[in-house]
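Here's the structure we're looking at; comments come further down.
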Amino acid sequence: MHIMEGFLPPEWCLFWFIVSAPFIVYGMYQMRILIRENRETLPLLAVAGAFVFVLSSLKLPSVTGSCSHPTGTGLGAILFGPFITSVLGLIVLLYQAIFLAHGGLTTLGANVFSMGIAGPIVGWAIYKSCTKADLNTYVTVFLAAALADLFTYVVTSVQLALAFPAESGGFVTSFIAFATVFAVTQVPLAIIEGVVIALVFKYIIAV
Amino acid sequence: MTCALEFQDVHFAYQDGPESLRGISIAVKKGEKVALVGPNGAGKTTLLLMCNGTLRPTKGRVLLDGEALAYDTRSLREVRRKVGLVFQNSDAQLFAPTVWQDVAFGPVNLGMPADRVKSVVARALHDVGLVGFEKRPPHHLSGGEKKRVAIAGVLAMDPEVIVFDEPTSSLDPATAEEVMDLLDEVNHSGRTVILSTHDVELAYRWADTVVLMDQGEVLSTGTAEALFSDVALLHRARLKPPVVMDLFRELAGRGVLSREAPPGNALAFTDLVERQVLGRVSPDGHGRIYIADVGDGAADRVKTLLSSGTVERVGAMGTKAKRFAGDEKIALDFTYGVIDKCLLRAVNGENSLVLTSGGMVEHTVGRIAAYMTESGRQIEVCRM
Amino acid sequence: MTCALEFQDVHFAYQDGPESLRGISIAVKKGEKVALVGPNGAGKTTLLLMCNGTLRPTKGRVLLDGEALAYDTRSLREVRRKVGLVFQNSDAQLFAPTVWQDVAFGPVNLGMPADRVKSVVARALHDVGLVGFEKRPPHHLSGGEKKRVAIAGVLAMDPEVIVFDEPTSSLDPATAEEVMDLLDEVNHSGRTVILSTHDVELAYRWADTVVLMDQGEVLSTGTAEALFSDVALLHRARLKPPVVMDLFRELAGRGVLSREAPPGNALAFTDLVERQVLGRVSPDGHGRIYIADVGDGAADRVKTLLSSGTVERVGAMGTKAKRFAGDEKIALDFTYGVIDKCLLRAVNGENSLVLTSGGMVEHTVGRIAAYMTESGRQIEVCRM
Amino acid sequence: MENILEDHAHRSALRHLDTRLKLLVGGGAILLGLLSPSPLGPAFIAATMAAITVGVARTPIRFYAHLLTIPLSFATISAAVILFLSGGGETLWAAAIGPLTLTATTGSANLAALILARTFSGMCALFFIALTTPMAEIFTVMRSLRLPREFVDLSMLIYHFIFVLIGEAVATRNAQEMRHGYVSFTNAIASFAMLAGMLFVRAWEKGEELIVAMDARCYDGVFAAGEETEGASRRQIALVAAYLCLCTAVAIAARGATIF
């Protein structure tokens, strides 16, 4: 879920830019080394980024307002690691704001954190640990995608709750309210995404 | 008679863009072979995407079997079952991991039971000559094979009308001819076939009716001979006349050939020149054309004929005949444009054999008879 | 004389695959126009990818300017500066956000200083006729425009040899002819041009030397006339002879035309038939051909000529001449195959004007003189 | 999805205006809207930015109206949450739904209105940038701002591939729909997965093709930077400054104003 331009108060915009910055900077550093060592990575990173963009702008069937970000970026995290993926996430989110009017510029920091950093890291961690635990590949992929997706919404809810704490009960109440509103729409979506990504994986392995 | 498909004053504009179709009216009869001919950007693809409701006219309407298309989900499903569309770029159309899965995609989505899906897919693959390719991944196939898979995927849904966007684009000549041969077969099985092309030569030889398009408009509709002899019109559509037509016009301009009756194909052209030069057609010494239906027991008869040495050239028309030749290890001289080539051979005094099947036997006999009437030549036809 | 490019017994196999090239030997002279002709899968693209060292032969070697290619990074850069490659699919070649940036890609990577890059890119865009397109994103261009940008991107590196993989694939006939016209221009500027195609008609009219390939082997090398009159060879490579050649052979088979001297093009063919029918060439009443070099002051002279009404048809050869016609609002009748068309007009008694520039003026005069010798006709040429 | 805003930027009447100036207008408007303490400032910005985009830059009005619906759902849902969560001031409206009591107060209503206004001002300013400035020119600015080279290069290549892959995705999606790929929920899921998988495989192949194409043109780690737009005239700079000052003035003048 993209936080729209103008929705977050200025201090929180700044805060999330500062939180995301280290990941981006380190990702950029990693990327530079990787490209220097092997120039062929640049085109492959580019197709991966474009793939994430196109995948997330194709609406999932029967559901409106989908954003398969964590999905695509999760795949990126498995291929390139979470830090470089955060750079891809930044670029993709920038294009989504400018090309599709999804998200915004001042909210870019917050959106990058939820969709380009938090989601992929969770997805990546689940993938790594499940692979180590020798779980079935498709189950692993399903779990990684679905949970990364859910986690992204949790982070978005946290971001909104921090910016708009409730009058009574403060952050916690607000978080519960935002999380509930999004959970209604997003939990089924996360499950669908998990299934879709598991199928995509199956497809790629088959070809 | 109701038309298979009809466009009535169809206009279309992509979002905020200029109009890409500006009042198109075309009527396609049942069982007809229609070619939309025009340069890139003439609006051919846009028009084809309207045949099955993928695009909706901004003005005007499209009629299928005499009924105006409706654009609700349920009606569109029905339309898409009746009208199959084969894209220019096969890669965009083949998305499943194996050939079998790709061809089965439509039938499965139509809710057919599993064994019916199996038989339908087997039939479609058989019809396009790809038995044995079931488990191959489509993106490892050659261009011609991909096109066949795409056609099988559409045939599996048993449509009444099949629409092809630039069917031969980026195929080499022999493969292109084989695909065109397949299109003829599809047509002989009773389906209406519409294709778009910028290949004038192809449309010239293939189409019953040619629709000349440019810049979103229909410039003219008619038979290939009539349309392609109008050089000014072709020039307007940035197209070249077919070579045969061009040569005819040039020779007519110099007073070598008479301006009347432009030739419909290379065979007619050579006859024209010959008559002019020799003052008559060479009346005798023609070869014979044998026609074999590759059904039961054909193998023995064909082998006997071939071993007798009377036949100099062998051609096969249609997928079934080609497979028959492959199975029986018969070397083929002609795999496309078979009838005309055998007629040319016969005129030159050589005997030839046409392997074919089903309705195409009658078609072959008819075509030869028509040529005899046109040319005043007598060619002996032996059905076996 | 050393060859521009030479293949010596080149073999190649993709990883674990069967050999896709099996002992290719070809020598391409400097300044030559060579067409590799063969069906899809013959190994044409694989061979082209060896011209600039993208693929390395598993056996045999490739020589550039008489020196065997080395495959270290430094040598490869040098090779790629000398040999430009234009891919079949323009989308794969154009990856920058604007036309200007795309064309500048090569020069910038060659380390040219900024103002030199500017002048080189401006020149290249001028040469392909795309001045004013600098800021357009490539994905908004038409197929023909994309191809031109791809060619400009290669020209900007000033290569000695340019290699085109299926340059006209999926372009419509007029656009294809314009691209071929551009290829001729590139060749006139002194570069060796090699292209691959399965379009026999194209190779027939364009190439100095044709290399016929099939299944990773060279079947034959020679002039277009010689190669394309060998029907058995073409049949082996699953290709059809050019229509003109086919008609000639057919008429020769019936004894209408003499078997010697197959015609090199449609013009020669019509002359042949005319001579046969009338017993001679029509000797008089030929039109005149005016040739204008579109340099300084040409506009006035051309306008005067056109307003006098003596000229019935106007053709433009080359990008510069076409732009000139656009600027001066001169309606063009011929934009491709100009010389032959003007010759045909002249034979029919009409006057025509050829707009062209630079070295192509001499080329035009030479071509007309050659035709006069061949045909025994006298056509008046007026240079202005 | 075929609605990439950038396609309109190429047809915009402000297409050739200096890029930095356009970014300054859009960016300035976004920030001013965000910093305004009352909903009136952002409302003014939203209205003027929309008027400029439609009136001066000549974006078709129907298309613009359609664009405005994109932020609508997110903004209203989230504003509703804020309306019932935050407080302050008098109670405007209260209702009990089961165990929950939803209360809206003047304070919460004002906050919700502010957030809504800011969202629309921000989106309208973003639309202004998106609908008048081709991406290629933004790359040039990114370059001149000395952003890391790899980052800008990667952005440019992603830009290229977005259009390549969208073309394929749309065509394949059409092909699937023609063969009834999206008629039921389960087959839609399967079709979508097939589409995504195919797209991934295809994307990877394109990446490998690009390596060959880049090497064929002597790729040595550099991408050409775009040419700078011819600078802004004094009059244009003065106009932009005046507009931003006006926005600031309105925001300051209306700083205490509330709706409820």
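Following the order of the structure tokens, chains are lettered A, B, ..., residues in each are numbered from 1, and ligands are numbered from 1.
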- prompt: Quick one: residues within 12 Å of Met49 of chain D, only C-alpha atoms counted, chain neighbours fewer than 5 positions away excluded, as a PyMOL selection string?
  reply: chain D and resi 22+25-30+33+42-44+54-57+59+64+120-129+131-132+243-244+247
- request: Compile the contact shell of Glu312 of chain B as a count of residues only: residues with an atom at most 12 Å away, counting only C-alpha atoms, same-chain residues fewer than 4 positions apart removed.
  value: 22
- prompt: To one decimal place, how far is atom CA of Gly358 of chain C from atom CA of Ser189 of chain C in Å?
  reply: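 We find that atom CA of Gly358 of chain C and atom CA of Ser189 of chain C lie 9.3 Å from each other.
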- request: Find the residue from B:Gly132, B:Gly315, B:Gly43, B:Gly143 that sits nearest to chain C; use only C-alpha atoms when measuring.
  value: B:Gly143
Can you write out as a Markdown table which residues of chain A fall within 8 Å of chain B, alongside each residue's closest atom pair and its distance in Å to one decimal, counting only C-alpha atoms and ordering rows by chain and ascending residue number?
```
| residue | atom | partner | partner_atom | distance |
| --- | --- | --- | --- | --- |
| A:Tyr203 | CA | B:Pro97 | CA | 6.6 |
| A:Ala206 | CA | B:Pro97 | CA | 6.5 |
| A:Val207 | CA | B:Pro97 | CA | 5.8 |
```
Output for the residues just chosen: all heavy atoms as an mmCIF file, in the first residue's frame:
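Full text of again-v4.cif as output:
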```cif
data_model
loop_
_atom_site.group_PDB
_atom_site.id
_atom_site.type_symbol
_atom_site.label_atom_id
_atom_site.label_comp_id
_atom_site.auth_asym_id
_atom_site.auth_seq_id
_atom_site.Cartn_x
_atom_site.Cartn_y
_atom_site.Cartn_z
ATOM 1 N N TYR A 203 6.703 -22.084 -12.458
ATOM 2 C CA TYR A 203 6.793 -21.825 -13.889
ATOM 3 C C TYR A 203 8.241 -21.637 -14.311
ATOM 4 O O TYR A 203 8.724 -22.254 -15.256
ATOM 5 C CB TYR A 203 5.989 -20.568 -14.223
ATOM 6 C CG TYR A 203 5.980 -20.201 -15.681
ATOM 7 C CD1 TYR A 203 4.892 -20.522 -16.482
ATOM 8 C CD2 TYR A 203 7.050 -19.532 -16.277
ATOM 9 C CE1 TYR A 203 4.863 -20.189 -17.816
ATOM 10 C CE2 TYR A 203 7.030 -19.197 -17.607
ATOM 11 C CZ TYR A 203 5.934 -19.530 -18.379
ATOM 12 O OH TYR A 203 5.919 -19.195 -19.702
ATOM 13 N N ALA A 206 10.114 -24.731 -14.295
ATOM 14 C CA ALA A 206 9.690 -25.626 -15.378
ATOM 15 C C ALA A 206 10.319 -25.238 -16.712
ATOM 16 O O ALA A 206 10.600 -26.091 -17.545
ATOM 17 C CB ALA A 206 8.162 -25.604 -15.493
ATOM 18 N N VAL A 207 10.536 -23.941 -16.922
ATOM 19 C CA VAL A 207 11.007 -23.491 -18.248
ATOM 20 C C VAL A 207 12.527 -23.610 -18.400
ATOM 21 O O VAL A 207 13.240 -23.682 -17.465
ATOM 22 C CB VAL A 207 10.568 -22.043 -18.504
ATOM 23 C CG1 VAL A 207 11.237 -21.503 -19.745
ATOM 24 C CG2 VAL A 207 9.054 -22.010 -18.698
#
```
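Taking only segment 61-251 of chain D, the residues that DSSP calls strand (DSSP E) from the backbone come to Thr91, Leu92, Trp93, Ala94, Ala95, Ala96, Ile97, Leu100, Thr101, Leu102, Thr103, Ala104 and Thr105 of chain D.
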message: Residues near segment 89-100 of chain D, anyone? I mean within 12 Å using only C-alpha atoms, not counting same-chain ones fewer than 2 positions away, as an MDAnalysis selection string.
response: (chainID A and resid 167 177) or (chainID D and resid 83:87 102:111 260)
The selected residues should be written to file as a compact mmCIF listing (two decimals), in the first residue's frame (atoms: all heavy atoms).
```txt
# COMPACT_ATOMS: atom_id res chain seq x y z
N GLU A 167 -6.27 9.83 19.98
CA GLU A 167 -6.49 10.75 21.11
C GLU A 167 -6.44 9.97 22.42
O GLU A 167 -5.71 10.32 23.33
CB GLU A 167 -7.87 11.40 20.94
CG GLU A 167 -8.37 12.17 22.13
CD GLU A 167 -7.71 13.54 22.20
OE1 GLU A 167 -6.83 13.83 21.35
OE2 GLU A 167 -8.06 14.30 23.11
N ALA A 177 -6.21 0.35 14.79
CA ALA A 177 -7.23 0.82 13.86
C ALA A 177 -6.76 0.72 12.41
O ALA A 177 -7.44 0.14 11.55
CB ALA A 177 -7.60 2.27 14.19
N LEU D 83 -10.24 10.61 11.42
CA LEU D 83 -11.42 11.32 11.91
C LEU D 83 -11.91 10.71 13.23
O LEU D 83 -12.28 11.42 14.16
CB LEU D 83 -12.52 11.27 10.84
CG LEU D 83 -13.85 11.93 11.19
CD1 LEU D 83 -13.66 13.43 11.32
CD2 LEU D 83 -14.90 11.63 10.12
N PHE D 84 -11.90 9.39 13.29
CA PHE D 84 -12.45 8.75 14.49
C PHE D 84 -11.40 8.47 15.55
O PHE D 84 -11.71 8.09 16.66
CB PHE D 84 -13.15 7.44 14.09
CG PHE D 84 -14.32 7.69 13.19
CD1 PHE D 84 -14.39 7.11 11.94
CD2 PHE D 84 -15.35 8.55 13.58
CE1 PHE D 84 -15.45 7.36 11.10
CE2 PHE D 84 -16.42 8.80 12.74
CZ PHE D 84 -16.46 8.21 11.50
N LEU D 85 -10.13 8.62 15.21
CA LEU D 85 -9.08 8.30 16.19
C LEU D 85 -8.65 9.52 16.99
O LEU D 85 -8.56 9.48 18.20
CB LEU D 85 -7.85 7.76 15.45
CG LEU D 85 -7.83 6.28 15.19
CD1 LEU D 85 -6.52 5.92 14.50
CD2 LEU D 85 -7.98 5.47 16.47
N SER D 86 -8.36 10.58 16.28
CA SER D 86 -7.82 11.72 16.99
C SER D 86 -8.97 12.50 17.62
O SER D 86 -10.14 12.20 17.42
CB SER D 86 -6.99 12.59 16.05
OG SER D 86 -7.60 12.65 14.80
N GLY D 87 -8.60 13.49 18.38
CA GLY D 87 -9.66 14.17 19.12
C GLY D 87 -9.39 15.64 19.28
O GLY D 87 -8.75 16.27 18.45
N LEU D 102 -17.78 5.32 17.87
CA LEU D 102 -17.02 6.16 16.97
C LEU D 102 -17.37 7.61 17.25
O LEU D 102 -18.54 7.99 17.27
CB LEU D 102 -17.35 5.83 15.51
CG LEU D 102 -16.93 4.44 15.04
CD1 LEU D 102 -17.35 4.22 13.60
CD2 LEU D 102 -15.43 4.24 15.19
N THR D 103 -16.34 8.40 17.51
CA THR D 103 -16.58 9.80 17.82
C THR D 103 -15.77 10.68 16.89
O THR D 103 -14.58 10.44 16.68
CB THR D 103 -16.11 10.13 19.25
OG1 THR D 103 -16.30 8.96 20.05
CG2 THR D 103 -16.87 11.30 19.81
N ALA D 104 -16.42 11.66 16.33
CA ALA D 104 -15.72 12.66 15.56
C ALA D 104 -15.83 13.99 16.29
O ALA D 104 -16.92 14.37 16.72
CB ALA D 104 -16.31 12.78 14.16
N THR D 105 -14.69 14.66 16.47
CA THR D 105 -14.71 15.94 17.17
C THR D 105 -14.29 17.03 16.19
O THR D 105 -13.83 16.73 15.08
CB THR D 105 -13.73 15.93 18.35
OG1 THR D 105 -12.40 15.80 17.83
CG2 THR D 105 -14.04 14.79 19.30
N THR D 106 -14.41 18.28 16.58
CA THR D 106 -13.98 19.36 15.69
C THR D 106 -12.49 19.23 15.42
O THR D 106 -12.03 19.42 14.30
CB THR D 106 -14.24 20.75 16.32
OG1 THR D 106 -13.78 20.73 17.66
CG2 THR D 106 -15.71 21.10 16.27
N GLY D 107 -11.72 18.89 16.47
CA GLY D 107 -10.27 18.72 16.28
C GLY D 107 -9.97 17.64 15.26
O GLY D 107 -9.17 17.82 14.33
N SER D 108 -10.62 16.48 15.42
CA SER D 108 -10.32 15.37 14.50
C SER D 108 -10.81 15.69 13.10
O SER D 108 -10.17 15.35 12.11
CB SER D 108 -10.93 14.08 15.02
OG SER D 108 -12.33 14.11 14.86
N ALA D 109 -11.95 16.36 13.01
CA ALA D 109 -12.48 16.71 11.70
C ALA D 109 -11.54 17.68 10.98
O ALA D 109 -11.28 17.54 9.78
CB ALA D 109 -13.87 17.33 11.83
N ASN D 110 -11.02 18.64 11.74
CA ASN D 110 -10.09 19.58 11.14
C ASN D 110 -8.81 18.89 10.67
O ASN D 110 -8.30 19.20 9.60
CB ASN D 110 -9.75 20.70 12.13
CG ASN D 110 -10.84 21.76 12.13
OD1 ASN D 110 -11.44 22.04 11.10
ND2 ASN D 110 -11.14 22.29 13.31
N LEU D 111 -8.32 17.95 11.49
CA LEU D 111 -7.11 17.23 11.10
C LEU D 111 -7.36 16.42 9.82
O LEU D 111 -6.57 16.43 8.88
CB LEU D 111 -6.64 16.31 12.24
CG LEU D 111 -5.35 15.56 11.96
CD1 LEU D 111 -4.18 16.52 11.71
CD2 LEU D 111 -5.00 14.61 13.10
N PHE D 260 -14.09 23.40 10.83
CA PHE D 260 -15.11 23.01 11.82
C PHE D 260 -14.90 23.75 13.13
O PHE D 260 -13.78 24.07 13.49
CB PHE D 260 -15.06 21.50 12.06
CG PHE D 260 -15.32 20.73 10.80
CD1 PHE D 260 -14.28 20.19 10.07
CD2 PHE D 260 -16.63 20.58 10.32
CE1 PHE D 260 -14.51 19.50 8.90
CE2 PHE D 260 -16.84 19.89 9.15
CZ PHE D 260 -15.81 19.33 8.44
```
